[in-house]
file protein04.cif (mmCIF, C-alpha atoms and all ligand atoms)
data_upload
loop_
_atom_site.label_atom_id
_atom_site.label_comp_id
_atom_site.auth_asym_id
_atom_site.auth_seq_id
_atom_site.Cartn_x
_atom_site.Cartn_y
_atom_site.Cartn_z
CA MET A 30 15.43 2.65 -24.83
CA SER A 31 14.46 3.05 -21.22
CA CYS A 32 11.11 1.93 -19.91
CA TYR A 33 9.94 1.78 -16.30
CA LEU A 34 7.55 -1.09 -15.59
CA ASN A 35 8.00 -1.43 -11.83
CA ASN A 36 5.31 0.91 -10.50
CA ALA A 37 4.21 -1.64 -7.91
CA ALA A 38 7.56 -1.01 -6.19
CA THR A 39 7.29 2.76 -6.46
CA THR A 40 5.62 4.95 -9.06
CA TRP A 41 7.93 6.74 -11.46
CA PRO A 42 8.13 9.32 -12.81
CA LYS A 43 6.28 11.47 -10.30
CA PRO A 44 4.32 14.51 -11.41
CA GLU A 45 6.74 17.44 -11.69
CA CYS A 46 4.96 19.46 -9.01
CA VAL A 47 6.14 16.88 -6.45
CA SER A 48 9.87 17.51 -6.80
CA GLU A 49 9.21 21.24 -7.20
CA SER A 50 7.43 21.33 -3.82
CA VAL A 51 10.18 19.33 -2.10
CA ARG A 52 12.74 21.80 -3.49
CA GLU A 53 10.66 24.80 -2.54
CA PHE A 54 10.30 23.53 1.02
CA MET A 55 14.04 22.87 1.32
CA LEU A 56 14.96 26.27 -0.12
CA LYS A 57 12.31 28.59 1.26
CA GLY A 58 10.39 26.85 4.05
CA GLY A 59 12.42 24.35 5.98
CA ALA A 60 11.27 25.18 9.52
CA ASN A 61 10.63 22.30 11.93
CA SER A 62 7.07 21.59 13.07
CA SER A 63 5.87 22.87 16.47
CA ARG A 64 9.43 23.44 17.55
CA GLY A 65 9.93 27.16 16.97
CA THR A 66 7.95 30.35 17.37
CA SER A 67 5.17 31.79 15.26
CA SER A 68 7.53 33.09 12.58
CA GLU A 69 6.32 32.99 9.02
CA ARG A 70 8.47 29.94 8.30
CA ASP A 71 7.23 28.14 11.41
CA MET A 72 3.63 28.86 10.50
CA GLY A 73 4.33 27.79 6.91
CA THR A 74 5.38 24.34 8.12
CA MET A 75 2.38 24.03 10.48
CA ASN A 76 0.01 24.96 7.66
CA LEU A 77 1.66 22.56 5.26
CA ILE A 78 1.25 19.64 7.67
CA LEU A 79 -2.35 20.53 8.42
CA ASP A 80 -3.12 20.96 4.73
CA CYS A 81 -1.68 17.53 3.94
CA ARG A 82 -3.57 15.90 6.84
CA MET A 83 -6.80 17.47 5.59
CA ARG A 84 -6.26 16.22 2.05
CA LEU A 85 -5.50 12.68 3.29
CA ALA A 86 -8.53 12.62 5.60
CA GLU A 87 -10.72 13.79 2.72
CA LEU A 88 -9.22 11.37 0.19
CA PHE A 89 -9.66 8.35 2.46
CA GLY A 90 -13.01 9.26 4.03
CA GLY A 91 -11.61 9.86 7.50
CA TYR A 92 -13.76 9.64 10.62
CA ASP A 93 -15.59 12.55 12.28
CA ASP A 94 -16.14 14.43 9.02
CA SER A 95 -12.60 13.79 7.85
CA ASN A 96 -11.00 15.06 11.03
CA PRO A 97 -7.34 15.78 10.14
CA LEU A 98 -6.25 15.01 13.70
CA LEU A 99 -7.05 11.35 13.04
CA VAL A 100 -4.26 11.17 10.44
CA THR A 101 -0.80 9.99 11.53
CA PHE A 102 2.28 10.49 9.35
CA THR A 103 4.79 7.65 9.19
CA ALA A 104 7.84 6.90 7.05
CA ASN A 105 6.00 4.35 4.89
CA ILE A 106 3.22 1.78 5.15
CA THR A 107 5.54 -0.75 6.78
CA GLU A 108 5.90 1.60 9.74
CA ALA A 109 2.15 2.34 9.68
CA LEU A 110 1.34 -1.39 9.85
CA ASN A 111 3.88 -1.93 12.63
CA PHE A 112 2.36 0.96 14.60
CA THR A 113 -1.10 -0.57 14.42
CA LEU A 114 -0.20 -4.27 14.82
CA ARG A 115 2.54 -3.98 17.44
CA GLY A 116 0.72 -1.17 19.21
CA TYR A 117 -2.47 -3.17 19.62
CA LEU A 118 -1.78 -6.90 19.76
CA ARG A 119 -0.77 -8.38 23.13
CA GLU A 120 0.00 -11.88 24.41
CA GLY A 121 -3.13 -14.03 24.36
CA MET A 122 -4.85 -12.03 21.58
CA SER A 123 -5.77 -13.48 18.17
CA VAL A 124 -5.35 -11.91 14.76
CA ILE A 125 -6.70 -13.11 11.41
CA THR A 126 -5.16 -12.36 8.03
CA SER A 127 -4.95 -13.76 4.49
CA SER A 128 -2.27 -15.81 2.76
CA MET A 129 -1.74 -12.97 0.23
CA GLU A 130 0.00 -10.58 2.60
CA HIS A 131 3.24 -8.72 2.07
CA ASN A 132 5.98 -9.18 4.67
CA ALA A 133 5.09 -5.70 5.95
CA VAL A 134 2.15 -7.56 7.54
CA MET A 135 3.57 -11.08 7.94
CA ARG A 136 6.86 -10.19 9.64
CA PRO A 137 5.30 -8.09 12.43
CA LEU A 138 2.69 -10.83 12.87
CA ARG A 139 5.29 -13.61 13.07
CA ALA A 140 7.29 -11.55 15.58
CA LEU A 141 4.12 -11.06 17.64
CA GLU A 142 3.38 -14.77 17.36
CA ASN A 143 6.69 -15.39 19.14
CA ARG A 144 5.35 -13.21 21.96
CA GLY A 145 2.17 -15.22 22.40
CA VAL A 146 -0.21 -13.71 19.82
CA ASN A 147 -2.29 -16.30 17.95
CA VAL A 148 -2.00 -15.76 14.16
CA GLU A 149 -4.56 -17.32 11.82
CA VAL A 150 -3.90 -17.19 8.07
CA VAL A 151 -6.88 -17.85 5.78
CA ARG A 152 -5.73 -19.23 2.45
CA ALA A 153 -6.83 -17.35 -0.66
CA ASP A 154 -7.63 -19.25 -3.88
CA SER A 155 -5.00 -19.92 -6.54
CA HIS A 156 -5.80 -16.56 -8.19
CA GLY A 157 -5.07 -14.76 -4.94
CA ARG A 158 -8.69 -13.99 -3.98
CA LEU A 159 -9.76 -14.34 -0.38
CA ASN A 160 -13.13 -16.07 -0.33
CA PRO A 161 -15.46 -14.20 2.10
CA SER A 162 -17.11 -17.47 3.14
CA ASP A 163 -13.73 -18.95 4.18
CA PHE A 164 -13.08 -15.77 6.11
CA GLU A 165 -16.49 -15.96 7.77
CA ASN A 166 -15.99 -19.63 8.70
CA ALA A 167 -12.87 -18.64 10.58
CA LEU A 168 -14.66 -15.74 12.30
CA MET A 169 -17.51 -18.05 13.34
CA ASN A 170 -15.13 -20.53 14.94
CA HIS A 171 -12.95 -18.21 16.99
CA LYS A 172 -13.08 -14.78 18.57
CA TYR A 173 -10.45 -12.59 16.87
CA ASN A 174 -9.20 -9.33 18.33
CA LEU A 175 -8.01 -7.95 15.01
CA ALA A 176 -8.08 -8.59 11.24
CA VAL A 177 -5.52 -7.28 8.76
CA ILE A 178 -5.60 -7.67 4.99
CA SER A 179 -4.08 -6.04 1.94
CA HIS A 180 -6.56 -4.51 -0.47
CA ALA A 181 -4.70 -5.77 -3.55
CA SER A 182 -1.86 -8.21 -4.08
CA ASN A 183 1.53 -6.70 -4.85
CA VAL A 184 2.37 -9.92 -6.71
CA CYS A 185 -0.50 -10.54 -9.12
CA GLY A 186 -2.74 -7.48 -8.66
CA THR A 187 -5.83 -9.35 -7.43
CA VAL A 188 -8.14 -7.02 -5.51
CA GLN A 189 -9.82 -8.53 -2.44
CA PRO A 190 -13.60 -8.34 -1.92
CA LEU A 191 -13.11 -5.52 0.57
CA ASN A 192 -16.77 -4.59 1.07
CA GLU A 193 -17.69 -8.15 2.05
CA ILE A 194 -14.65 -8.58 4.31
CA ALA A 195 -15.30 -5.23 6.00
CA GLU A 196 -18.99 -6.13 6.53
CA LEU A 197 -17.99 -9.44 8.10
CA CYS A 198 -15.58 -7.66 10.43
CA VAL A 199 -18.40 -5.35 11.53
CA LYS A 200 -20.77 -8.33 11.94
CA TYR A 201 -18.29 -10.23 14.15
CA ASN A 202 -17.04 -7.08 15.87
CA VAL A 203 -13.42 -7.47 14.74
CA PRO A 204 -11.42 -4.27 14.10
CA LEU A 205 -10.05 -4.32 10.53
CA VAL A 206 -6.68 -2.86 9.50
CA LEU A 207 -6.28 -2.33 5.75
CA ASP A 208 -3.02 -2.32 3.79
CA THR A 209 -3.71 -0.03 0.81
CA ALA A 210 -0.16 -0.06 -0.61
CA GLN A 211 -1.30 -1.18 -4.08
CA THR A 212 -4.64 0.60 -4.27
CA ALA A 213 -4.37 4.06 -2.66
CA GLY A 214 -4.64 6.60 -5.45
CA VAL A 215 -5.98 4.02 -7.89
CA ILE A 216 -9.16 2.76 -6.19
CA GLY A 217 -11.35 5.02 -4.05
CA ILE A 218 -11.51 3.81 -0.42
CA ASN A 219 -13.66 5.30 2.32
CA ALA A 220 -12.37 4.30 5.76
CA SER A 221 -15.33 5.54 7.79
CA GLU A 222 -17.95 4.05 5.45
CA LEU A 223 -16.19 0.69 5.61
CA LYS A 224 -15.81 1.16 9.38
CA LEU A 225 -12.10 0.35 9.20
CA ALA A 226 -10.18 0.47 12.46
CA ALA A 227 -7.14 1.80 10.60
CA LEU A 228 -6.33 2.43 6.97
CA CYS A 229 -2.59 2.28 6.34
CA PHE A 230 -1.11 3.96 3.27
CA THR A 231 2.25 4.58 1.67
CA GLY A 232 2.96 7.88 -0.04
CA HIS A 233 5.30 6.83 -2.83
CA LYS A 234 3.19 4.42 -4.89
CA GLY A 235 -0.25 5.34 -6.26
CA LEU A 236 -0.36 8.53 -4.20
CA MET A 237 2.60 9.72 -6.33
CA GLY A 238 4.47 11.29 -3.41
CA PRO A 239 8.14 10.97 -2.45
CA GLN A 240 9.61 7.90 -0.76
CA GLY A 241 9.72 8.18 3.04
CA THR A 242 6.06 9.14 3.41
CA GLY A 243 3.07 7.16 4.58
CA GLY A 244 0.58 7.05 7.38
CA ILE A 245 -2.59 5.90 9.08
CA ILE A 246 -6.20 7.06 8.99
CA TRP A 247 -7.62 6.01 12.37
CA SER A 248 -11.03 5.37 13.76
CA PRO A 249 -10.96 7.41 16.99
CA GLU A 250 -12.06 4.42 19.04
CA PHE A 251 -9.27 2.17 17.74
CA ALA A 252 -6.64 4.91 18.08
CA SER A 253 -7.53 5.21 21.74
CA ARG A 254 -6.86 1.48 22.25
CA VAL A 255 -3.46 1.39 20.50
CA GLU A 256 -0.22 2.06 22.38
CA PRO A 257 2.35 4.22 20.59
CA VAL A 258 5.33 2.09 19.49
CA ILE A 259 7.58 5.17 19.31
CA THR A 260 7.52 7.83 22.03
CA GLY A 261 9.46 11.05 22.38
CA GLY A 262 9.35 14.77 21.68
CA THR A 263 6.24 16.10 20.01
CA GLY A 264 6.76 19.84 20.47
CA SER A 265 3.74 19.78 22.79
CA TYR A 266 3.21 19.15 26.54
CA SER A 267 6.92 19.65 27.05
CA HIS A 268 6.48 19.71 30.85
CA LEU A 269 5.53 16.00 30.75
CA GLU A 270 7.86 13.02 30.56
CA THR A 271 5.01 10.81 29.46
CA GLN A 272 3.59 10.59 25.93
CA PRO A 273 0.60 12.87 25.18
CA GLU A 274 -2.67 11.03 24.61
CA ASP A 275 -3.95 13.71 22.22
CA MET A 276 -4.05 13.03 18.51
CA PRO A 277 -2.02 13.40 16.38
CA ASP A 278 0.83 13.76 18.91
CA LYS A 279 0.22 10.34 20.46
CA PHE A 280 1.72 8.56 17.41
CA GLU A 281 4.01 11.28 16.03
CA SER A 282 7.22 11.64 18.01
CA GLY A 283 10.33 13.14 16.45
CA THR A 284 10.71 15.43 13.46
CA PRO A 285 8.59 14.25 10.56
CA ASN A 286 9.74 13.96 6.94
CA LEU A 287 8.77 17.53 6.13
CA PRO A 288 10.21 17.71 2.59
CA GLY A 289 8.39 14.44 1.93
CA ILE A 290 5.13 15.84 3.29
CA ALA A 291 5.58 18.91 1.06
CA GLY A 292 5.95 16.61 -1.95
CA LEU A 293 3.05 14.39 -0.88
CA ASN A 294 0.84 17.42 -0.41
CA SER A 295 1.46 18.50 -4.02
CA ALA A 296 0.98 14.95 -5.22
CA LEU A 297 -2.44 14.86 -3.52
CA GLN A 298 -3.41 18.08 -5.30
CA TRP A 299 -2.26 16.51 -8.58
CA LEU A 300 -4.35 13.39 -7.83
CA LYS A 301 -7.40 15.55 -7.16
CA ASP A 302 -6.91 17.58 -10.35
CA THR A 303 -6.32 14.46 -12.45
CA GLY A 304 -9.07 12.43 -10.77
CA ILE A 305 -8.65 8.95 -9.34
CA LYS A 306 -11.33 7.67 -11.72
CA ASN A 307 -9.36 8.94 -14.72
CA ILE A 308 -6.15 7.46 -13.36
CA ALA A 309 -7.86 4.10 -12.78
CA GLU A 310 -9.38 4.17 -16.27
CA LYS A 311 -6.05 4.90 -17.94
CA GLU A 312 -4.22 2.26 -15.92
CA LYS A 313 -6.96 -0.25 -16.72
CA LEU A 314 -6.70 0.39 -20.46
CA THR A 315 -2.92 0.05 -20.39
CA GLY A 316 -3.24 -3.07 -18.25
CA GLU A 317 -5.78 -4.58 -20.62
CA TYR A 318 -3.47 -3.97 -23.56
CA LEU A 319 -0.51 -5.54 -21.76
CA LEU A 320 -2.58 -8.49 -20.54
CA GLU A 321 -3.79 -9.35 -24.03
CA LYS A 322 -0.22 -9.28 -25.36
CA LEU A 323 1.19 -11.29 -22.45
CA LEU A 324 -1.40 -14.02 -22.93
CA ALA A 325 -0.29 -14.35 -26.55
CA VAL A 326 3.38 -15.00 -25.65
CA ASP A 327 4.38 -18.66 -26.13
CA ASP A 328 4.97 -20.69 -22.96
CA LEU A 329 4.05 -17.78 -20.68
CA ILE A 330 2.21 -18.74 -17.49
CA LEU A 331 0.38 -15.80 -15.93
CA SER A 332 -0.38 -15.91 -12.20
CA GLY A 333 -3.62 -14.56 -10.79
CA ARG A 334 -6.60 -13.35 -12.81
CA HIS A 335 -6.58 -13.50 -16.61
CA ASP A 336 -8.96 -10.58 -17.01
CA MET A 337 -9.16 -7.00 -15.79
CA ASN A 338 -11.98 -7.53 -13.26
CA ASN A 339 -11.11 -7.02 -9.61
CA ARG A 340 -7.47 -6.40 -10.27
CA VAL A 341 -4.97 -3.57 -10.51
CA SER A 342 -2.37 -3.38 -13.27
CA VAL A 343 0.21 -5.62 -11.63
CA PHE A 344 1.08 -8.80 -13.57
CA ALA A 345 3.26 -11.74 -12.56
CA PHE A 346 4.35 -14.53 -14.86
CA ASN A 347 6.90 -17.19 -15.61
CA VAL A 348 8.05 -18.49 -18.95
CA ASN A 349 8.44 -22.26 -19.11
CA GLY A 350 12.04 -23.34 -18.81
CA ILE A 351 13.50 -19.87 -18.04
CA ASP A 352 14.50 -18.50 -14.66
CA ASN A 353 12.54 -15.29 -14.05
CA GLY A 354 15.65 -13.58 -12.63
CA ILE A 355 17.59 -14.25 -15.81
CA LEU A 356 14.70 -12.97 -17.89
CA ALA A 357 14.48 -9.78 -15.78
CA ASP A 358 18.21 -9.28 -16.18
CA GLU A 359 18.00 -9.67 -19.96
CA LEU A 360 15.16 -7.15 -20.05
CA SER A 361 17.06 -4.78 -17.81
CA CYS A 362 20.02 -4.86 -20.19
CA SER A 363 17.67 -3.63 -22.91
CA GLY A 364 16.32 -0.86 -20.63
CA PHE A 365 13.11 -2.45 -19.27
CA GLU A 366 12.76 -2.22 -15.52
CA THR A 367 10.70 -5.01 -13.96
CA ARG A 368 10.98 -7.04 -10.74
CA PRO A 369 11.67 -10.78 -10.49
CA GLY A 370 11.65 -13.07 -7.45
CA LEU A 371 9.37 -13.20 -4.45
CA HIS A 372 8.38 -9.53 -4.00
CA CYS A 373 8.60 -9.65 -0.16
CA ALA A 374 5.55 -11.91 -0.23
CA PRO A 375 6.51 -15.60 0.18
CA SER A 376 3.06 -16.58 1.42
CA ALA A 377 1.39 -14.98 -1.61
CA HIS A 378 3.71 -16.88 -3.94
CA LYS A 379 2.92 -20.14 -2.11
CA THR A 380 -0.77 -19.40 -2.65
CA LEU A 381 -0.19 -18.75 -6.35
CA ASN A 382 2.02 -21.87 -6.66
CA THR A 383 5.08 -19.84 -7.64
CA PHE A 384 7.20 -20.54 -4.56
CA PRO A 385 10.20 -20.73 -4.32
CA GLN A 386 11.04 -19.62 -7.86
CA GLY A 387 8.89 -16.48 -7.71
CA ALA A 388 7.77 -14.71 -10.87
CA LEU A 389 8.59 -11.79 -13.11
CA ARG A 390 6.42 -8.84 -12.14
CA VAL A 391 5.51 -6.15 -14.65
CA SER A 392 3.59 -3.14 -13.38
CA PRO A 393 2.83 -0.32 -15.79
CA GLY A 394 1.71 2.99 -14.32
CA TYR A 395 -0.19 6.13 -15.19
CA PHE A 396 2.64 7.39 -17.43
CA THR A 397 3.15 4.12 -19.34
CA SER A 398 2.13 4.36 -23.00
CA ARG A 399 0.94 1.72 -25.45
CA ASP A 400 4.22 2.20 -27.32
CA ASP A 401 6.05 1.26 -24.13
CA ILE A 402 4.00 -1.94 -23.94
CA ASP A 403 4.67 -2.77 -27.60
CA SER A 404 8.41 -2.29 -27.10
CA PHE A 405 8.31 -4.34 -23.91
CA ILE A 406 6.59 -7.29 -25.59
CA GLU A 407 9.13 -7.19 -28.40
CA ALA A 408 11.99 -7.13 -25.88
CA LEU A 409 10.36 -9.94 -23.89
CA ASN A 410 10.12 -12.17 -26.96
CA THR A 411 13.76 -11.42 -27.82
CA ALA A 412 14.85 -12.15 -24.22
CA ILE A 413 12.91 -15.43 -24.24
CA GLY A 414 14.54 -16.40 -27.53
CA LYS A 415 18.02 -15.68 -26.10
CA SER A 416 17.43 -17.42 -22.78
CA LYS A 417 16.04 -20.70 -24.15
C1 LIG B 501 0.88 -4.78 -0.38
C2 LIG B 501 2.10 -4.07 0.17
N1 LIG B 501 2.18 -3.82 1.49
C3 LIG B 501 3.23 -3.18 2.02
C4 LIG B 501 4.27 -2.73 1.23
C5 LIG B 501 5.41 -2.00 1.86
O1 LIG B 501 5.50 -0.68 1.37
P1 LIG B 501 6.57 0.34 1.91
O2 LIG B 501 7.90 -0.21 1.47
O3 LIG B 501 6.24 1.63 1.26
O4 LIG B 501 6.46 0.37 3.38
C6 LIG B 501 4.23 -2.95 -0.14
C7 LIG B 501 5.36 -2.54 -1.00
O5 LIG B 501 5.59 -3.04 -2.04
C8 LIG B 501 3.12 -3.61 -0.68
O6 LIG B 501 3.01 -3.83 -1.99
#
call {"tool": "encode", "arguments": {"input": "protein04.cif", "output": "structure tokens", "more": "lines below"}}
Ligand SMILES: Cc1ncc(COP(=O)(O)O)c(C=O)c1O
result
Amino acid sequence: MSCYLNNAATTWPKPECVSESVREFMLKGGANSSRGTSSERDMGTMNLILDCRMRLAELFGGYDDSNPLLVTFTANITEALNFTLRGYLREGMSVITSSMEHNAVMRPLRALENRGVNVEVVRADSHGRLNPSDFENALMNHKYNLAVISHASNVCGTVQPLNEIAELCVKYNVPLVLDTAQTAGVIGINASELKLAALCFTGHKGLMGPQGTGGIIWSPEFASRVEPVITGGTGSYSHLETQPEDMPDKFESGTPNLPGIAGLNSALQWLKDTGIKNIAEKEKLTGEYLLEKLLAVDDLILSGRHDMNNRVSVFAFNVNGIDNGILADELSCSGFETRPGLHCAPSAHKTLNTFPQGALRVSPGYFTSRDDIDSFIEALNTAIGKSK
């Protein structure tokens, strides 16, 4: 028996069209971008990149009528967050965030703190929800230059009240950067309607693309205020030794992950054909089924929300008296892939009162069936019996 329940780390399997497009690009396309002539292969790569930018801008409600030039490709969301945070925050500035952040946010912020940036962390409640009134209190008491929050927790799946937080950021004139790692492709998000400064995404989770893809949807105003963290060849303005200011070149130096973009492009078509609403509905039903069964397991303590409201299908729990690493190992031996420990989010675990032991995280995905859940619960009960 083999059963993948670690979709919060990366979705698997991917739709078949994704690997087919990566292969096709490697075999038949393969030209670099803006670094050749106007051969058919060169134009094929240019069109592929533009096509993918257009799909991303449309999916995420990009600014200026989904202008594809306001989309930057990065290697993952960690890089996207670093580009926005390190590219914008300077000594003497202040940034506000929540206690539910992944280290993709916290580590750049702590590094910036060492360089004189003031970092304020607003504590979420014990279910991982950031209370908008706590957030507003902080905004009333200090002038922040930037806010950054994750849309949903990668530990317990709690979804933040994004509309309220985004409205507060507009009210107090604070640019908001959003980490959509756990929600892109599962919850619809419109960057320009929410007036986000930057929406950061990763390609390999809910977007169903290959690893090594990600990016940023920018507001044009914010993009103009951010310095590029990486500079170099762009295939454009080659007479200049300074970085072009034009988008998208400003933030895209070096050869991009073209096979990855080919795969992501197909994945985005698959998402459109399947429909995010249908994906969300299916994942919710599977999550509901799993949640009900988890709550019936003896001695199991579930972190975060105990219902399916304002959450994605990511569940974290401990079983009294058993180390979650040992439990995960037992499950792995029977073919069930989960993730124990701290999930790169120590602050989130402190908020949920599961630090330092962490928790066992189970994250079904679009392709998980009810039979998979039944087998998992059976294996979990057996593993608990063995480990006690
Ligand atoms: C909320 C959140 N932010 C950031 C990341 C980092 O993603 P990546 O490794 O794709 O950069 C993750 C990955 O698990 C995540 O869940």
call {"tool": "axis_aligned_box", "arguments": {"input": "protein04.cif", "around": "ligand LIG 501 (chain B)", "padding_each_side": "3 Å", "output": "AutoDock Vina command-line options"}}
result
--center_x 4.4 --center_y -1.6 --center_z 0.7 --size_x 13.0 --size_y 12.4 --size_z 11.4
call {"tool": "residues_around", "arguments": {"input": "protein04.cif", "residues": "range 213-221 of chain A", "least_positions_apart": "6", "cutoff": "8 Å", "atoms": "only C-alpha atoms", "output": "ChimeraX atom specification"}}
result
/A:88-92,227-228,230-231,234-237,246,248,300,305-306,308-309
call {"tool": "residues_near_ligand", "arguments": {"input": "protein04.cif", "ligand": "ligand LIG 501 (chain B)", "cutoff": "8 Å", "atoms": "all atoms listed in the file", "output": "ChimeraX atom specification"}}
result
/A:37-39,104-109,130-134,179-184,208-211,230-234,240-243,372-373
call {"tool": "closest_residue", "arguments": {"input": "protein04.cif", "among": "A:Leu77, A:Ile125, A:Met337, A:Cys185", "to": "Asn170 in chain A", "atoms": "only C-alpha atoms"}}
result
A:Ile125
call {"tool": "atom_distance", "arguments": {"input": "protein04.cif", "atom1": "CA of Leu381 in chain A", "atom2": "CA of Val188 in chain A"}}
result
14.2 Å
call {"tool": "closest_residue", "arguments": {"input": "protein04.cif", "among": "A:Thr263, A:Thr212, A:Ser392, A:Asn96", "to": "Pro285 in chain A", "atoms": "all atoms listed in the file"}}
result
A:Thr263
